[in-house]
Amino acid sequence: MPSAVIALMWVTIYNGSSALSLSLVIVDTVLAPFLIPLTLRVIVGSRVQINTSSMIEELLFMIALPAVAAMCLNQFSKGKVKETWPPKLAPVSKICLMFIQICNSSKAAPYIRHMNRELLEVIFAILILAAFGYALGWIAAVLFKQDRKMTVSMMFGVGMRNISAGAVIASSYFPAEVVFPVITATLFQQVLAAVYGTLFHRIKKEAS
């Protein structure tokens with residue numbers, strides 16, 4: 001799944017590099033229609049028939065174009081829009097985000113009602129996978145000797161996935177069972193972001 005736009009929020013909270021995060025979101029979104037089928041073929045040997053042009057169009061309208069529009073507004077207003085618009089739009093964006101999550105989660109309702117051991121194992125695997133993503137970004141930044149801002153952006157950029165886009169892709173191109181692990185990731189993604197952000201802040205504070 002492509003990188004989550006909401007990662008920009010976490011990057012801003014912990015004073016990361018917004019430029020890197022925004023670039024990652026746009027580039028990763030454009031590459032997602034090609035990387036998803038390729039990854040499935042390499043890892044599980046599955047050939048998935050996907051309308052690539054349609055997926056690109058959906059992801060561009062959902063993620064890339066709004067991100068580019070925001071970047072242009074910020075550039076033309078010389079940063080003023082970043083100071084005036086967020087407080088006014090924050091309530092609306094949070095309500096929309098909650099509405100999207102509810103709509104996507106409803107697709108996994110049948111599996112939640114009939115929980116079994118296999119589904120619990122899937123939930124545990126998703127938890128480990130989500131936690132590993134943040135850790136991988138953090139470790140990579142340390143290995144490449146990045147500064148604090150770049151480390152924050154890499155940690156959240158690698159760890160956060162666009163669950164809404166993932167749910168759309170899963171429900172449109174894959175069997176219904178595929179939606180369950182995608183929606184399950186929503187249970188952990190934001191919580192893990194807060195945990196890793198707090199942990200990173202404490203470590204950097206103690207180191208300084």
# chains A, B, ... in the order shown; residues from 1 in each chain; ligands from 1
$ residues_around --residues "Met154 in chain A" --least-positions-apart "2" --cutoff "12 Å" --atoms "only C-alpha atoms" --output "PyMOL selection string"
chain A and resi 3+7-8+10-11+16-25+133-152+156-160+197
$ write_last_selection --atoms "N, CA and C atoms" --output "compact mmCIF listing (two decimals), in the first residue's frame"
# COMPACT_ATOMS: atom_id res chain seq x y z
N SER A 3 2.26 5.07 0.90
CA SER A 3 2.49 5.74 2.19
C SER A 3 1.28 6.60 2.55
N ALA A 7 0.87 10.57 7.71
CA ALA A 7 2.23 10.54 8.24
C ALA A 7 2.81 11.95 8.34
N LEU A 8 2.35 12.83 7.45
CA LEU A 8 2.79 14.22 7.49
C LEU A 8 2.42 14.88 8.81
N TRP A 10 2.15 13.39 11.79
CA TRP A 10 3.07 12.92 12.82
C TRP A 10 4.46 13.52 12.63
N VAL A 11 4.88 13.65 11.38
CA VAL A 11 6.18 14.27 11.10
C VAL A 11 6.20 15.71 11.58
N GLY A 16 9.84 16.71 12.01
CA GLY A 16 10.60 16.01 11.00
C GLY A 16 10.70 16.81 9.71
N SER A 17 11.16 16.18 8.66
CA SER A 17 11.31 16.84 7.37
C SER A 17 10.03 16.66 6.55
N SER A 18 9.23 17.73 6.46
CA SER A 18 7.98 17.66 5.71
C SER A 18 8.22 17.46 4.23
N ALA A 19 9.31 18.03 3.71
CA ALA A 19 9.63 17.91 2.29
C ALA A 19 9.87 16.45 1.91
N LEU A 20 10.65 15.75 2.74
CA LEU A 20 10.92 14.33 2.48
C LEU A 20 9.64 13.51 2.56
N SER A 21 8.82 13.78 3.57
CA SER A 21 7.60 13.01 3.76
C SER A 21 6.62 13.22 2.62
N LEU A 22 6.46 14.46 2.17
CA LEU A 22 5.55 14.75 1.07
C LEU A 22 6.05 14.10 -0.22
N SER A 23 7.35 14.16 -0.46
CA SER A 23 7.92 13.52 -1.65
C SER A 23 7.71 12.01 -1.63
N LEU A 24 7.89 11.42 -0.44
CA LEU A 24 7.70 9.98 -0.29
C LEU A 24 6.27 9.57 -0.58
N VAL A 25 5.31 10.37 -0.08
CA VAL A 25 3.89 10.07 -0.30
C VAL A 25 3.56 10.09 -1.79
N GLY A 133 7.67 -2.02 10.72
CA GLY A 133 7.81 -0.96 9.74
C GLY A 133 8.43 0.29 10.34
N TYR A 134 7.92 0.73 11.48
CA TYR A 134 8.47 1.91 12.15
C TYR A 134 9.93 1.67 12.56
N ALA A 135 10.18 0.48 13.11
CA ALA A 135 11.53 0.15 13.56
C ALA A 135 12.50 0.13 12.38
N LEU A 136 12.05 -0.40 11.24
CA LEU A 136 12.91 -0.47 10.06
C LEU A 136 13.30 0.92 9.57
N GLY A 137 12.33 1.84 9.54
CA GLY A 137 12.63 3.21 9.12
C GLY A 137 13.62 3.88 10.06
N TRP A 138 13.44 3.65 11.36
CA TRP A 138 14.33 4.23 12.38
C TRP A 138 15.75 3.67 12.24
N ILE A 139 15.84 2.34 12.10
CA ILE A 139 17.15 1.69 11.97
C ILE A 139 17.87 2.13 10.70
N ALA A 140 17.12 2.24 9.60
CA ALA A 140 17.73 2.67 8.34
C ALA A 140 18.30 4.08 8.46
N ALA A 141 17.56 4.96 9.15
CA ALA A 141 18.04 6.33 9.34
C ALA A 141 19.32 6.37 10.16
N VAL A 142 19.39 5.52 11.18
CA VAL A 142 20.59 5.45 12.02
C VAL A 142 21.78 4.91 11.22
N LEU A 143 21.54 3.86 10.44
CA LEU A 143 22.62 3.26 9.65
C LEU A 143 23.18 4.23 8.62
N PHE A 144 22.31 5.05 8.05
CA PHE A 144 22.75 6.02 7.04
C PHE A 144 23.11 7.38 7.66
N LYS A 145 23.16 7.40 9.01
CA LYS A 145 23.62 8.58 9.77
C LYS A 145 22.85 9.84 9.40
N GLN A 146 21.52 9.73 9.42
CA GLN A 146 20.67 10.87 9.13
C GLN A 146 20.47 11.72 10.38
N ASP A 147 20.13 12.99 10.18
CA ASP A 147 19.88 13.87 11.32
C ASP A 147 18.50 13.60 11.91
N ARG A 148 18.14 14.37 12.94
CA ARG A 148 16.90 14.12 13.65
C ARG A 148 15.66 14.25 12.75
N LYS A 149 15.63 15.31 11.94
CA LYS A 149 14.47 15.54 11.09
C LYS A 149 14.28 14.42 10.08
N MET A 150 15.36 14.01 9.46
CA MET A 150 15.28 12.94 8.47
C MET A 150 14.90 11.61 9.12
N THR A 151 15.38 11.38 10.33
CA THR A 151 15.06 10.14 11.05
C THR A 151 13.57 10.06 11.35
N VAL A 152 13.00 11.17 11.81
CA VAL A 152 11.56 11.20 12.08
C VAL A 152 10.76 10.91 10.82
N PHE A 156 8.31 7.44 10.25
CA PHE A 156 6.87 7.48 9.98
C PHE A 156 6.56 7.14 8.53
N GLY A 157 7.46 7.51 7.62
CA GLY A 157 7.24 7.22 6.22
C GLY A 157 7.25 5.73 5.91
N VAL A 158 8.16 5.00 6.55
CA VAL A 158 8.24 3.56 6.35
C VAL A 158 7.13 2.84 7.13
N GLY A 159 6.79 3.37 8.30
CA GLY A 159 5.85 2.67 9.17
C GLY A 159 4.39 2.85 8.81
N MET A 160 4.02 4.00 8.26
CA MET A 160 2.60 4.29 8.04
C MET A 160 2.18 3.98 6.62
N GLY A 197 6.75 7.58 18.34
CA GLY A 197 7.05 9.00 18.44
C GLY A 197 7.47 9.39 19.84
$ residues_around --residues "Ala165 in chain A" --least-positions-apart "2" --cutoff "9 Å" --atoms "only C-alpha atoms" --output "list of chain:residue names"
A:Met1, A:Pro2, A:Ala4, A:Glu58, A:Leu59, A:Met62, A:Ile63, A:Arg161, A:Asn162, A:Ile163, A:Ala167, A:Val168, A:Ile169, A:Ala170
$ write_last_selection --atoms "N, CA and C atoms" --output "mmCIF file, in the first residue's frame"
data_model
loop_
_atom_site.group_PDB
_atom_site.id
_atom_site.type_symbol
_atom_site.label_atom_id
_atom_site.label_comp_id
_atom_site.auth_asym_id
_atom_site.auth_seq_id
_atom_site.Cartn_x
_atom_site.Cartn_y
_atom_site.Cartn_z
ATOM 1 N N MET A 1 0.842 -1.200 0.000
ATOM 2 C CA MET A 1 0.000 0.000 0.000
ATOM 3 C C MET A 1 0.872 1.243 0.000
ATOM 4 N N PRO A 2 0.379 2.327 -0.591
ATOM 5 C CA PRO A 2 1.181 3.567 -0.617
ATOM 6 C C PRO A 2 1.320 4.170 0.771
ATOM 7 N N ALA A 4 1.044 6.754 3.849
ATOM 8 C CA ALA A 4 -0.123 7.486 4.321
ATOM 9 C C ALA A 4 0.148 8.982 4.369
ATOM 10 N N GLU A 58 -7.165 6.352 -9.592
ATOM 11 C CA GLU A 58 -7.770 6.442 -8.261
ATOM 12 C C GLU A 58 -6.781 6.984 -7.238
ATOM 13 N N LEU A 59 -5.557 6.465 -7.256
ATOM 14 C CA LEU A 59 -4.554 6.895 -6.284
ATOM 15 C C LEU A 59 -4.115 8.336 -6.526
ATOM 16 N N MET A 62 -6.888 10.460 -5.108
ATOM 17 C CA MET A 62 -7.037 10.327 -3.660
ATOM 18 C C MET A 62 -5.861 10.921 -2.903
ATOM 19 N N ILE A 63 -4.662 10.806 -3.472
ATOM 20 C CA ILE A 63 -3.466 11.143 -2.691
ATOM 21 C C ILE A 63 -2.574 12.161 -3.381
ATOM 22 N N ARG A 161 1.099 3.233 6.507
ATOM 23 C CA ARG A 161 0.526 2.887 5.207
ATOM 24 C C ARG A 161 -0.819 3.591 5.038
ATOM 25 N N ASN A 162 -1.208 3.834 3.786
ATOM 26 C CA ASN A 162 -2.507 4.441 3.506
ATOM 27 C C ASN A 162 -3.570 3.341 3.545
ATOM 28 N N ILE A 163 -4.163 3.154 4.725
ATOM 29 C CA ILE A 163 -5.124 2.066 4.911
ATOM 30 C C ILE A 163 -6.365 2.253 4.052
ATOM 31 N N ALA A 167 -7.656 -0.444 1.508
ATOM 32 C CA ALA A 167 -8.987 -1.053 1.564
ATOM 33 C C ALA A 167 -9.676 -0.984 0.206
ATOM 34 N N VAL A 168 -9.499 0.144 -0.484
ATOM 35 C CA VAL A 168 -10.088 0.287 -1.819
ATOM 36 C C VAL A 168 -9.483 -0.727 -2.781
ATOM 37 N N ILE A 169 -8.159 -0.854 -2.742
ATOM 38 C CA ILE A 169 -7.472 -1.810 -3.616
ATOM 39 C C ILE A 169 -7.892 -3.242 -3.279
ATOM 40 N N ALA A 170 -7.937 -3.558 -1.980
ATOM 41 C CA ALA A 170 -8.283 -4.916 -1.553
ATOM 42 C C ALA A 170 -9.703 -5.295 -1.974
#
$ closest_residue --among "A:Leu73, A:Leu38, A:Ala67, A:Leu127" --to "Trp85 in chain A" --atoms "only C-alpha atoms"
A:Leu73
